[in-house]
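Asker: Quick one: structure below, then a few questions.
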Amino acid sequence: MIGLFLKSLLGALAVLIIALLSRSKSFYIAGLVPLFPTFALIAHAIVAQERGMADLRTTALFGLWSLIPYAIYLLAVFWLSTRLTLWPTLLLATLGWLIAAGILLFAWTHFQPTP
């Protein structure tokens, strides 16, 4: 239970850092914070402890492929932000992420590469 609480504190700390950075002169650094591997560290530790190092490698490989939906999200935000208001931009970018993530999951489950 304490481990779960500490993990939730990491997430809250990331949100706090993002909020503080977004108000600073270096507001753009707030976009780097979500890429700090806070949750990846937790996921990788759990996978390695519960399933072993081979599954950790598979998880890391899938994590590399998961950068594609995130890149699609960021490209959509970049492009749509000059054409739409905030909420439609974020909604459509998130939809792009969901579609790309769905395609990734489909492809992974049917053609799962092994490291």
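The chains in the structure tokens are called A, B, ... from first to last as shown; in each chain the residues are counted from 1, and the ligands are counted from 1 in the order shown.
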Extract, using only C-alpha atoms, all DNA, RNA and protein residues at most 12 Å from stretch 27-31 of chain A, discarding same-chain residues fewer than 2 positions from it, and format them as a ChimeraX atom specification.

Answerer: /A:14-25,33-36,74

Asker: Using only C-alpha atoms, find each residue of stretch 23-72 of chain A with at least one atom at most 9 Å away from an atom of stretch 104-109 of chain A; report its shortest atom-to-atom pair and that distance in Å (one decimal), sort the rows by chain and rising residue number, and return the result as JSON lines.

Answerer:
```
{"residue": "A:Phe62", "atom": "CA", "partner": "A:Trp108", "partner_atom": "CA", "distance": 8.1}
{"residue": "A:Trp65", "atom": "CA", "partner": "A:Leu104", "partner_atom": "CA", "distance": 7.7}
{"residue": "A:Ser66", "atom": "CA", "partner": "A:Leu104", "partner_atom": "CA", "distance": 7.4}
{"residue": "A:Ile68", "atom": "CA", "partner": "A:Leu104", "partner_atom": "CA", "distance": 8.5}
{"residue": "A:Pro69", "atom": "CA", "partner": "A:Leu104", "partner_atom": "CA", "distance": 8.0}
```

Asker: Contacts of A:Thr89 at 8 Å or less, counting only C-alpha atoms, minus same-chain residues fewer than 5 places along, as a list in words?

Answerer: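 Skipping anything fewer than 5 positions along the chain leaves Ala76, Val77, Leu80, Ser81 and Leu84 of chain A.
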
Asker: Could you tell me how far atom CA of A:Tyr73 sits from atom CA of A:Leu32, in Å to one decimal place?

Answerer: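 Separating atom CA of A:Leu32 from atom CA of A:Tyr73 is a distance of 14.5 Å.
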
Asker: What's the separation between atom CA of A:Met53 and atom CA of A:His110, in Å to one decimal place?

Answerer: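 Computed distance, atom CA of A:Met53 to atom CA of A:His110, equals 22.4 Å.
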
Asker: Please provide the set of residues having any atom within 12 Å of A:Ile42, restricted to only C-alpha atoms, with same-chain residues fewer than 3 positions apart removed, written as an MDAnalysis selection string.

Answerer: chainID A and resid 3:4 6:8 10:11 36:39 45:49 56
